[in-house]
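Asker: So I've got this file, target-v5.cif, and it contains mmCIF, C-alpha atoms:
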data_coords
#
loop_
_atom_site.label_atom_id
_atom_site.label_comp_id
_atom_site.auth_asym_id
_atom_site.auth_seq_id
_atom_site.Cartn_x
_atom_site.Cartn_y
_atom_site.Cartn_z
CA MET A 1075 0.00 0.00 0.00
CA ASP A 1076 1.26 3.43 -0.91
CA LEU A 1077 1.25 6.51 1.27
CA SER A 1078 -1.80 8.77 1.46
CA LEU A 1079 -1.67 12.31 2.82
CA SER A 1080 -4.32 14.92 3.50
CA THR A 1081 -4.37 18.11 5.53
CA GLU A 1082 -7.02 20.01 7.43
CA THR A 1083 -6.87 23.19 9.49
CA MET A 1084 -8.41 23.43 12.98
CA GLY A 1085 -7.83 26.87 14.47
CA ASP A 1086 -4.07 27.44 14.55
CA ARG A 1087 -3.38 23.71 14.19
CA THR A 1088 -2.86 21.85 10.96
CA ILE A 1089 -3.84 18.19 10.95
CA VAL A 1090 -1.82 15.95 8.64
CA ARG A 1091 -3.60 12.63 8.17
CA VAL A 1092 -1.25 9.90 7.04
CA GLY A 1093 -2.31 6.52 5.72
CA GLY A 1094 -0.52 3.47 4.33
CA GLU A 1095 3.15 2.66 4.67
CA ILE A 1096 5.88 5.11 5.66
CA ASP A 1097 9.17 3.59 4.57
CA VAL A 1098 12.35 4.42 2.68
CA TYR A 1099 10.36 4.77 -0.56
CA THR A 1100 7.40 6.82 0.65
CA ALA A 1101 8.97 8.87 3.48
CA PRO A 1102 10.25 11.60 1.10
CA LYS A 1103 6.60 12.43 0.24
CA LEU A 1104 5.82 12.98 3.91
CA ARG A 1105 8.99 15.06 4.27
CA GLU A 1106 7.91 17.26 1.33
CA GLN A 1107 4.46 17.72 2.88
CA LEU A 1108 5.86 18.78 6.26
CA VAL A 1109 8.44 21.11 4.69
CA GLU A 1110 5.73 22.71 2.53
CA LEU A 1111 3.46 23.28 5.53
CA VAL A 1112 6.22 24.93 7.54
CA ASN A 1113 7.25 27.06 4.56
CA ASP A 1114 3.61 28.17 4.25
CA GLY A 1115 3.59 29.26 7.89
CA SER A 1116 1.94 26.27 9.60
CA PHE A 1117 4.01 25.79 12.73
CA HIS A 1118 1.61 23.78 14.91
CA LEU A 1119 1.20 20.37 13.34
CA VAL A 1120 -0.74 17.32 14.44
CA VAL A 1121 0.25 14.19 12.52
CA ASP A 1122 -2.59 11.67 12.68
CA MET A 1123 -1.05 8.23 12.25
CA GLU A 1124 -4.15 6.14 12.85
CA GLY A 1125 -4.22 5.07 9.20
CA VAL A 1126 -0.54 4.08 9.11
CA ASP A 1127 0.07 0.36 8.52
CA PHE A 1128 3.85 0.44 8.62
CA LEU A 1129 6.51 2.83 9.91
CA ASP A 1130 10.28 2.42 9.82
CA SER A 1131 13.27 4.47 10.91
CA THR A 1132 13.21 6.53 7.71
CA GLY A 1133 9.73 7.67 8.70
CA LEU A 1134 10.91 8.40 12.22
CA GLY A 1135 13.73 10.50 10.72
CA VAL A 1136 11.19 12.52 8.73
CA LEU A 1137 9.07 13.16 11.84
CA VAL A 1138 12.16 14.24 13.80
CA GLY A 1139 13.10 16.54 10.91
CA GLY A 1140 9.58 18.01 11.00
CA LEU A 1141 9.84 18.57 14.73
CA LYS A 1142 13.15 20.41 14.29
CA ARG A 1143 11.59 22.64 11.63
CA VAL A 1144 8.52 23.66 13.65
CA ARG A 1145 10.60 24.20 16.78
CA ALA A 1146 12.75 26.66 14.84
CA HIS A 1147 9.54 28.73 14.63
CA GLU A 1148 8.51 28.00 18.23
CA GLY A 1149 5.90 25.62 16.89
CA SER A 1150 4.87 22.10 17.87
CA LEU A 1151 4.46 18.68 16.31
CA ARG A 1152 2.10 16.26 18.01
CA LEU A 1153 1.31 12.71 17.01
CA VAL A 1154 -1.94 10.79 17.21
CA CYS A 1155 -1.43 7.05 17.48
CA ASN A 1156 -3.12 4.17 19.28
CA GLN A 1157 -1.58 1.27 17.39
CA GLU A 1158 0.69 -0.82 19.54
CA ARG A 1159 2.94 -1.96 16.68
CA ILE A 1160 3.63 1.65 15.68
CA LEU A 1161 4.02 2.88 19.27
CA LYS A 1162 6.57 0.12 19.86
CA ILE A 1163 8.97 1.70 17.33
CA PHE A 1164 8.77 5.03 19.16
CA ARG A 1165 9.48 3.27 22.45
CA ILE A 1166 12.46 1.27 21.10
CA THR A 1167 14.10 4.42 19.80
CA GLY A 1168 13.28 6.50 22.89
CA LEU A 1169 11.23 8.92 20.78
CA THR A 1170 8.22 8.69 23.11
CA LYS A 1171 10.16 11.23 25.18
CA VAL A 1172 10.57 13.51 22.18
CA PHE A 1173 7.07 13.54 20.69
CA PRO A 1174 3.84 14.22 22.55
CA ILE A 1175 1.69 11.23 21.51
CA HIS A 1176 -2.08 11.55 21.84
CA THR A 1177 -4.96 9.10 21.56
CA SER A 1178 -7.18 11.35 19.42
CA VAL A 1179 -6.93 14.36 17.12
CA GLU A 1180 -9.29 16.25 19.45
CA GLU A 1181 -6.97 15.65 22.40
CA ALA A 1182 -3.92 16.72 20.37
CA VAL A 1183 -5.64 19.89 19.15
CA ALA A 1184 -6.74 20.81 22.68
CA ALA A 1185 -3.27 20.18 24.15
CA THR A 1186 -0.98 23.01 25.11
CA ASP A 1187 2.65 22.85 26.20
CA MET B 1419 21.69 -23.34 0.83
CA ALA B 1420 19.24 -20.58 1.52
CA THR B 1421 15.59 -21.56 1.45
CA VAL B 1422 14.83 -18.45 -0.54
CA GLU B 1423 17.33 -16.02 -1.99
CA LEU B 1424 16.32 -12.59 -3.17
CA ARG B 1425 18.41 -10.08 -5.07
CA PHE B 1426 17.11 -6.66 -5.93
CA SER B 1427 18.44 -3.46 -7.48
CA ALA B 1428 19.37 -0.99 -4.77
CA LEU B 1429 16.19 1.08 -5.13
CA PRO B 1430 13.87 2.12 -2.28
CA GLU B 1431 10.76 0.85 -4.10
CA HIS B 1432 11.97 -2.76 -3.85
CA VAL B 1433 12.35 -2.74 -0.06
CA ARG B 1434 8.63 -3.34 0.38
CA THR B 1435 8.85 -6.42 -1.84
CA ALA B 1436 11.69 -7.74 0.32
CA ARG B 1437 9.58 -7.18 3.46
CA LEU B 1438 6.62 -9.05 2.00
CA VAL B 1439 8.72 -11.99 0.79
CA ALA B 1440 10.57 -12.25 4.11
CA ALA B 1441 7.34 -12.22 6.10
CA ALA B 1442 5.78 -14.86 3.85
CA VAL B 1443 8.78 -17.20 4.13
CA ALA B 1444 9.04 -16.59 7.89
CA ARG B 1445 5.38 -17.50 8.34
CA ARG B 1446 5.84 -20.69 6.35
CA ALA B 1447 8.95 -21.54 8.36
CA GLY B 1448 6.95 -21.45 11.59
CA VAL B 1449 7.91 -18.07 13.03
CA ASP B 1450 5.23 -17.05 15.53
CA GLU B 1451 2.50 -14.85 14.04
CA ALA B 1452 3.00 -12.32 16.82
CA VAL B 1453 6.63 -11.87 15.75
CA LEU B 1454 5.99 -11.46 12.02
CA ASP B 1455 5.54 -7.69 12.34
CA GLU B 1456 8.99 -7.53 13.90
CA VAL B 1457 10.48 -9.67 11.13
CA ARG B 1458 8.92 -7.38 8.53
CA LEU B 1459 10.23 -4.25 10.21
CA ALA B 1460 13.72 -5.62 10.88
CA VAL B 1461 14.16 -6.83 7.29
CA GLY B 1462 12.91 -3.50 6.00
CA GLU B 1463 15.43 -1.66 8.16
CA ALA B 1464 18.31 -3.88 7.04
CA CYS B 1465 17.33 -3.56 3.36
CA SER B 1466 16.83 0.22 3.59
CA ARG B 1467 20.29 0.51 5.10
CA ALA B 1468 21.83 -1.65 2.35
CA VAL B 1469 20.05 0.37 -0.36
CA GLY B 1470 21.33 3.60 1.21
CA LEU B 1471 24.89 2.25 1.34
CA HIS B 1472 24.78 1.11 -2.31
CA GLN B 1473 23.31 4.39 -3.50
CA ALA B 1474 25.76 6.49 -1.49
CA GLY B 1475 28.67 4.46 -2.84
CA GLY B 1476 27.42 4.36 -6.44
CA ILE B 1477 27.36 0.56 -6.32
CA SER B 1478 25.35 -1.07 -9.11
CA ALA B 1479 25.38 -4.55 -7.59
CA PRO B 1480 22.09 -5.80 -6.15
CA VAL B 1481 21.27 -6.09 -2.48
CA LYS B 1482 21.11 -9.73 -1.42
CA VAL B 1483 18.65 -11.23 1.07
CA LEU B 1484 18.99 -14.84 2.22
CA LEU B 1485 16.05 -16.39 4.00
CA ILE B 1486 17.15 -19.58 5.68
CA GLU B 1487 14.89 -22.11 7.30
CA GLU B 1488 16.79 -24.26 9.78
CA GLU B 1489 15.88 -26.66 12.50
CA LYS B 1490 14.17 -24.67 15.26
CA GLN B 1491 15.22 -21.33 13.83
CA PHE B 1492 14.74 -19.00 10.92
CA SER B 1493 17.56 -16.72 9.77
CA ILE B 1494 17.64 -13.72 7.51
CA GLU B 1495 20.87 -12.32 6.16
CA VAL B 1496 20.90 -9.01 4.32
CA GLY B 1497 24.15 -8.43 2.46
CA ASP B 1498 25.53 -5.31 0.88
CA GLU B 1499 28.66 -4.78 -1.21
CA ALA B 1500 29.56 -1.38 0.18
CA PRO B 1501 33.12 -1.06 1.48
CA HIS B 1502 32.58 -0.15 5.12
CA ALA B 1503 34.69 2.55 6.67
CA VAL B 1504 34.30 3.93 10.15
CA PRO B 1505 32.09 7.02 9.79
CA GLY B 1506 34.78 9.24 11.25
CA ASN B 1507 35.69 11.29 8.20
CA ALA B 1508 32.52 13.40 8.46
CA ASP B 1509 32.80 16.60 10.45
CA SER B 1510 31.90 15.57 13.97
CA ALA B 1511 31.99 19.13 15.24
CA GLY B 1512 29.47 20.52 12.72
CA GLY B 1513 26.11 18.87 13.27
CA SER B 1514 24.26 20.50 10.39
CA GLY B 1515 25.66 18.64 7.38
CA GLY B 1516 23.69 16.16 5.28
CA GLY B 1517 26.32 13.50 6.03
CA ASP B 1518 25.50 13.69 9.72
CA ALA B 1519 21.81 13.25 8.98
CA GLU B 1520 22.59 10.12 6.95
CA ILE B 1521 24.69 8.71 9.75
CA GLU B 1522 21.92 9.52 12.24
CA GLU B 1523 19.38 7.68 10.08
CA ASP B 1524 21.72 4.71 9.69
CA GLN B 1525 22.20 4.57 13.46
CA MET B 1526 18.45 4.79 14.03
CA GLY B 1527 17.91 1.86 11.65
CA LEU B 1528 20.44 -0.24 13.54
CA ALA B 1529 18.90 0.84 16.84
CA VAL B 1530 15.49 -0.38 15.67
CA ILE B 1531 16.95 -3.72 14.56
CA SER B 1532 18.81 -4.32 17.81
CA GLY B 1533 15.72 -3.26 19.77
CA LEU B 1534 13.55 -5.73 17.88
CA VAL B 1535 15.76 -8.74 17.37
CA ASP B 1536 17.48 -10.54 20.25
CA ASP B 1537 19.83 -12.52 18.03
CA VAL B 1538 21.53 -10.19 15.57
CA GLU B 1539 25.04 -9.99 14.12
CA VAL B 1540 26.31 -7.01 12.19
CA SER B 1541 29.50 -7.50 10.23
CA ALA B 1542 31.34 -5.13 7.95
CA GLY B 1543 34.46 -5.35 5.89
CA LYS B 1544 36.28 -3.90 2.91
CA HIS B 1545 34.14 -5.83 0.42
CA GLY B 1546 30.76 -5.40 2.03
CA GLY B 1547 28.75 -6.03 5.11
CA SER B 1548 25.85 -8.05 6.37
CA ILE B 1549 23.19 -8.11 9.02
CA ARG B 1550 22.16 -11.57 10.17
CA MET B 1551 19.06 -11.98 12.30
CA ARG B 1552 17.59 -15.13 13.79
CA TRP B 1553 14.22 -16.02 15.23
CA PRO B 1554 13.10 -19.25 16.87
CA THR B 1555 10.47 -21.29 15.05
CA THR B 1556 7.68 -23.42 16.41
CA PRO B 1557 7.90 -26.92 14.97
CA PRO B 1558 4.71 -28.04 13.24
CA PRO B 1559 2.59 -30.54 15.15
CA ALA B 1560 3.97 -34.08 14.85
CA VAL B 1561 2.46 -36.07 12.05
CA ILE B 1562 1.74 -39.71 12.72
CA ASP B 1563 1.73 -41.93 9.63
#
Can the structure in the file be given as structure tokens, please?

Answerer:
Amino acid sequence: MDLSLSTETMGDRTIVRVGGEIDVYTAPKLREQLVELVNDGSFHLVVDMEGVDFLDSTGLGVLVGGLKRVRAHEGSLRLVCNQERILKIFRITGLTKVFPIHTSVEEAVAATD
Amino acid sequence: MATVELRFSALPEHVRTARLVAAAVARRAGVDEAVLDEVRLAVGEACSRAVGLHQAGGISAPVKVLLIEEEKQFSIEVGDEAPHAVPGNADSAGGSGGGDAEIEEDQMGLAVISGLVDDVEVSAGKHGGSIRMRWPTTPPPAVID
């Protein structure tokens, strides 16, 4: 399955809904999307990963890159994920301490630092 | 001899194929269903790393994946032909170069593999490297004639 991406604005937050597989082949598309959003002035991103079937370290690298970019503008990048197999990769790499991970888009949108 | 041997051009689009083949052979070999996600991810990481090494080194040779069914265990070996040097020639003081980002990604891939797989060997030499991973298999129920 390929990668699907869509965006939606909720107040000052931009929701990026990701579906399919994020791997070495598809991750550049996600990177482009995040870079474009930041370049267009969206600095508070919520990446909804509920539709993601597969995530590898290339995908993690893209998310970390996105986080660096929004932080440069005092922004935020929050994740929405309830899938154990995806959460496991964040735990293994210690990235659960880096990304705020929420159980729903509503919770992520309502969250403040 | 490997149960299944797969060679593919060092292109990112083929990594998914390698993941699917590895998971299918692992399932047939008797690797626990609950572990198949880990097999898929670990093979993907090893293949992505090999593809990256081949592309960075301009190596046209294919990436090689050996899927080996043995008694009580299933092994996967992902081989590359990139001459491995210690990543010390990049500027370690900088921190903003693309080379550093590549090394970071490579390290993250290895971190994921070692976090997922208990039995893993990483070897590297002048003529290439390999990552060998092993998982226990459940023998099929005994068949009585």

Asker: Show me which bits of chain A are within 9 Å of chain B, counting all atoms listed in the file, as number ranges by chain.

Answerer: A: 1097-1100, 1128-1132, 1134-1135, 1159, 1163, 1166-1167

Asker: Using only C-alpha atoms, which protein or nucleic acid residues come within 7 Å of Gly1543 in chain B? Drop anything in the same chain fewer than 4 positions from it, and give the result as a compact mmCIF listing (two decimals) with C-alpha atoms, in the frame of the given file.

Answerer:
# COMPACT_ATOMS: atom_id res chain seq x y z
CA PRO B 1501 33.12 -1.06 1.48
CA HIS B 1502 32.58 -0.15 5.12
CA GLY B 1547 28.75 -6.03 5.11

Asker: In Å, with one decimal, what is the gap from CA of Val1144 in chain A to CA of Lys1162 in chain A?

Answerer: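 Atom-to-atom, CA of Val1144 in chain A to CA of Lys1162 in chain A, that is 24.4 Å.
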
Asker: Please expand the PyMOL selection byres ((chain A and resi 1088) around 7) into the concrete residues it hits in this file, giving the result as number ranges by chain.

Answerer: A: 1081-1084, 1086-1087, 1089-1090, 1116, 1118-1120

Asker: Selection in question (the file shown): the PyMOL selection byres ((chain B and resi 1546) around 12). Which residues does it include, as a ChimeraX atom specification?

Answerer: /B:1468,1471-1472,1475,1477,1479-1482,1496-1503,1540-1545,1547-1549

Asker: Write out the residues from the selection above, keeping C-alpha atoms, as a CSV table (one decimal), in the coordinates of the input.

Answerer:
chain,number,residue,atom,x,y,z
B,1468,ALA,CA,21.8,-1.6,2.4
B,1471,LEU,CA,24.9,2.2,1.3
B,1472,HIS,CA,24.8,1.1,-2.3
B,1475,GLY,CA,28.7,4.5,-2.8
B,1477,ILE,CA,27.4,0.6,-6.3
B,1479,ALA,CA,25.4,-4.6,-7.6
B,1480,PRO,CA,22.1,-5.8,-6.2
B,1481,VAL,CA,21.3,-6.1,-2.5
B,1482,LYS,CA,21.1,-9.7,-1.4
B,1496,VAL,CA,20.9,-9.0,4.3
B,1497,GLY,CA,24.2,-8.4,2.5
B,1498,ASP,CA,25.5,-5.3,0.9
B,1499,GLU,CA,28.7,-4.8,-1.2
B,1500,ALA,CA,29.6,-1.4,0.2
B,1501,PRO,CA,33.1,-1.1,1.5
B,1502,HIS,CA,32.6,-0.2,5.1
B,1503,ALA,CA,34.7,2.6,6.7
B,1540,VAL,CA,26.3,-7.0,12.2
B,1541,SER,CA,29.5,-7.5,10.2
B,1542,ALA,CA,31.3,-5.1,8.0
B,1543,GLY,CA,34.5,-5.4,5.9
B,1544,LYS,CA,36.3,-3.9,2.9
B,1545,HIS,CA,34.1,-5.8,0.4
B,1547,GLY,CA,28.8,-6.0,5.1
B,1548,SER,CA,25.8,-8.0,6.4
B,1549,ILE,CA,23.2,-8.1,9.0

Asker: For the file shown, what are the residues hit by the PyMOL selection byres ((chain B and resi 1438-1441) around 7), laid out as a list in words?

Answerer: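 So the PyMOL selection byres ((chain B and resi 1438-1441) around 7) ends up selecting Arg1434, Thr1435, Ala1436, Arg1437, Ala1442, Val1443, Ala1444, Arg1445, Leu1454, Val1457, Arg1458 and Leu1485 of chain B.
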
Asker: With C-alpha atoms kept, could you save the residues just selected as a CSV table (one decimal), in the coordinates of the input?

Answerer:
chain,number,residue,atom,x,y,z
B,1434,ARG,CA,8.6,-3.3,0.4
B,1435,THR,CA,8.8,-6.4,-1.8
B,1436,ALA,CA,11.7,-7.7,0.3
B,1437,ARG,CA,9.6,-7.2,3.5
B,1442,ALA,CA,5.8,-14.9,3.8
B,1443,VAL,CA,8.8,-17.2,4.1
B,1444,ALA,CA,9.0,-16.6,7.9
B,1445,ARG,CA,5.4,-17.5,8.3
B,1454,LEU,CA,6.0,-11.5,12.0
B,1457,VAL,CA,10.5,-9.7,11.1
B,1458,ARG,CA,8.9,-7.4,8.5
B,1485,LEU,CA,16.0,-16.4,4.0

Asker: Which value, in Å to one decimal, gives the distance between CA of Phe1492 in chain B and CA of Asp1450 in chain B?

Answerer: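 Distance reported for this atom pair: 10.7 Å.
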
Asker: Pick out the closest residue to Ile1160 in chain A from this set: A:Glu1181, A:Glu1095, A:Glu1148, A:Glu1106. Count all atoms listed in the file.

Answerer: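 Once distances to Ile1160 in chain A are computed over all atoms listed in the file, the minimum belongs to A:Glu1095.
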
Asker: Using the partial input, fill out range 1142-1162 of chain A with N, CA and C atoms; write the result as a PDB file, in the coordinates of the input.

Answerer:
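That gives us result.pdb:
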ATOM      1  N   LYS A1142      12.077  19.398  14.268  1.00  0.00           N
ATOM      2  CA  LYS A1142      13.150  20.410  14.290  1.00  0.00           C
ATOM      3  C   LYS A1142      12.701  21.675  13.566  1.00  0.00           C
ATOM      4  N   ARG A1143      12.025  21.480  12.422  1.00  0.00           N
ATOM      5  CA  ARG A1143      11.590  22.640  11.630  1.00  0.00           C
ATOM      6  C   ARG A1143      10.553  23.485  12.369  1.00  0.00           C
ATOM      7  N   VAL A1144       9.553  22.843  12.974  1.00  0.00           N
ATOM      8  CA  VAL A1144       8.520  23.660  13.650  1.00  0.00           C
ATOM      9  C   VAL A1144       9.083  24.308  14.912  1.00  0.00           C
ATOM     10  N   ARG A1145       9.999  23.614  15.561  1.00  0.00           N
ATOM     11  CA  ARG A1145      10.600  24.200  16.780  1.00  0.00           C
ATOM     12  C   ARG A1145      11.409  25.446  16.458  1.00  0.00           C
ATOM     13  N   ALA A1146      11.984  25.474  15.261  1.00  0.00           N
ATOM     14  CA  ALA A1146      12.750  26.660  14.840  1.00  0.00           C
ATOM     15  C   ALA A1146      11.840  27.880  14.770  1.00  0.00           C
ATOM     16  N   HIS A1147      10.523  27.627  14.674  1.00  0.00           N
ATOM     17  CA  HIS A1147       9.540  28.730  14.630  1.00  0.00           C
ATOM     18  C   HIS A1147       8.690  28.724  15.902  1.00  0.00           C
ATOM     19  N   GLU A1148       9.227  28.134  16.960  1.00  0.00           N
ATOM     20  CA  GLU A1148       8.510  28.000  18.230  1.00  0.00           C
ATOM     21  C   GLU A1148       7.159  27.307  18.058  1.00  0.00           C
ATOM     22  N   GLY A1149       7.131  26.360  17.146  1.00  0.00           N
ATOM     23  CA  GLY A1149       5.900  25.620  16.890  1.00  0.00           C
ATOM     24  C   GLY A1149       5.896  24.286  17.628  1.00  0.00           C
ATOM     25  N   SER A1150       4.970  23.399  17.208  1.00  0.00           N
ATOM     26  CA  SER A1150       4.870  22.100  17.870  1.00  0.00           C
ATOM     27  C   SER A1150       4.498  21.030  16.842  1.00  0.00           C
ATOM     28  N   LEU A1151       4.878  19.804  17.153  1.00  0.00           N
ATOM     29  CA  LEU A1151       4.460  18.680  16.310  1.00  0.00           C
ATOM     30  C   LEU A1151       3.985  17.573  17.241  1.00  0.00           C
ATOM     31  N   ARG A1152       2.697  17.284  17.158  1.00  0.00           N
ATOM     32  CA  ARG A1152       2.100  16.260  18.010  1.00  0.00           C
ATOM     33  C   ARG A1152       1.657  15.089  17.151  1.00  0.00           C
ATOM     34  N   LEU A1153       1.703  13.915  17.740  1.00  0.00           N
ATOM     35  CA  LEU A1153       1.310  12.710  17.010  1.00  0.00           C
ATOM     36  C   LEU A1153       0.026  12.151  17.597  1.00  0.00           C
ATOM     37  N   VAL A1154      -0.769  11.524  16.739  1.00  0.00           N
ATOM     38  CA  VAL A1154      -1.940  10.790  17.210  1.00  0.00           C
ATOM     39  C   VAL A1154      -1.725   9.337  16.804  1.00  0.00           C
ATOM     40  N   CYS A1155      -1.670   8.460  17.785  1.00  0.00           N
ATOM     41  CA  CYS A1155      -1.430   7.050  17.480  1.00  0.00           C
ATOM     42  C   CYS A1155      -1.899   6.168  18.626  1.00  0.00           C
ATOM     43  N   ASN A1156      -2.665   5.152  18.282  1.00  0.00           N
ATOM     44  CA  ASN A1156      -3.120   4.170  19.280  1.00  0.00           C
ATOM     45  C   ASN A1156      -2.647   2.763  18.946  1.00  0.00           C
ATOM     46  N   GLN A1157      -1.947   2.624  17.828  1.00  0.00           N
ATOM     47  CA  GLN A1157      -1.580   1.270  17.390  1.00  0.00           C
ATOM     48  C   GLN A1157      -0.304   0.804  18.089  1.00  0.00           C
ATOM     49  N   GLU A1158      -0.431  -0.306  18.755  1.00  0.00           N
ATOM     50  CA  GLU A1158       0.690  -0.820  19.540  1.00  0.00           C
ATOM     51  C   GLU A1158       1.941  -1.062  18.692  1.00  0.00           C
ATOM     52  N   ARG A1159       1.751  -1.619  17.475  1.00  0.00           N
ATOM     53  CA  ARG A1159       2.940  -1.960  16.680  1.00  0.00           C
ATOM     54  C   ARG A1159       3.689  -0.712  16.205  1.00  0.00           C
ATOM     55  N   ILE A1160       2.967   0.399  16.072  1.00  0.00           N
ATOM     56  CA  ILE A1160       3.630   1.650  15.680  1.00  0.00           C
ATOM     57  C   ILE A1160       4.251   2.299  16.924  1.00  0.00           C
ATOM     58  N   LEU A1161       3.522   2.277  18.032  1.00  0.00           N
ATOM     59  CA  LEU A1161       4.020   2.880  19.270  1.00  0.00           C
ATOM     60  C   LEU A1161       5.319   2.194  19.731  1.00  0.00           C
ATOM     61  N   LYS A1162       5.396   0.887  19.452  1.00  0.00           N
ATOM     62  CA  LYS A1162       6.570   0.120  19.860  1.00  0.00           C
ATOM     63  C   LYS A1162       7.872   0.702  19.253  1.00  0.00           C
TER      64      LYS A1162
END
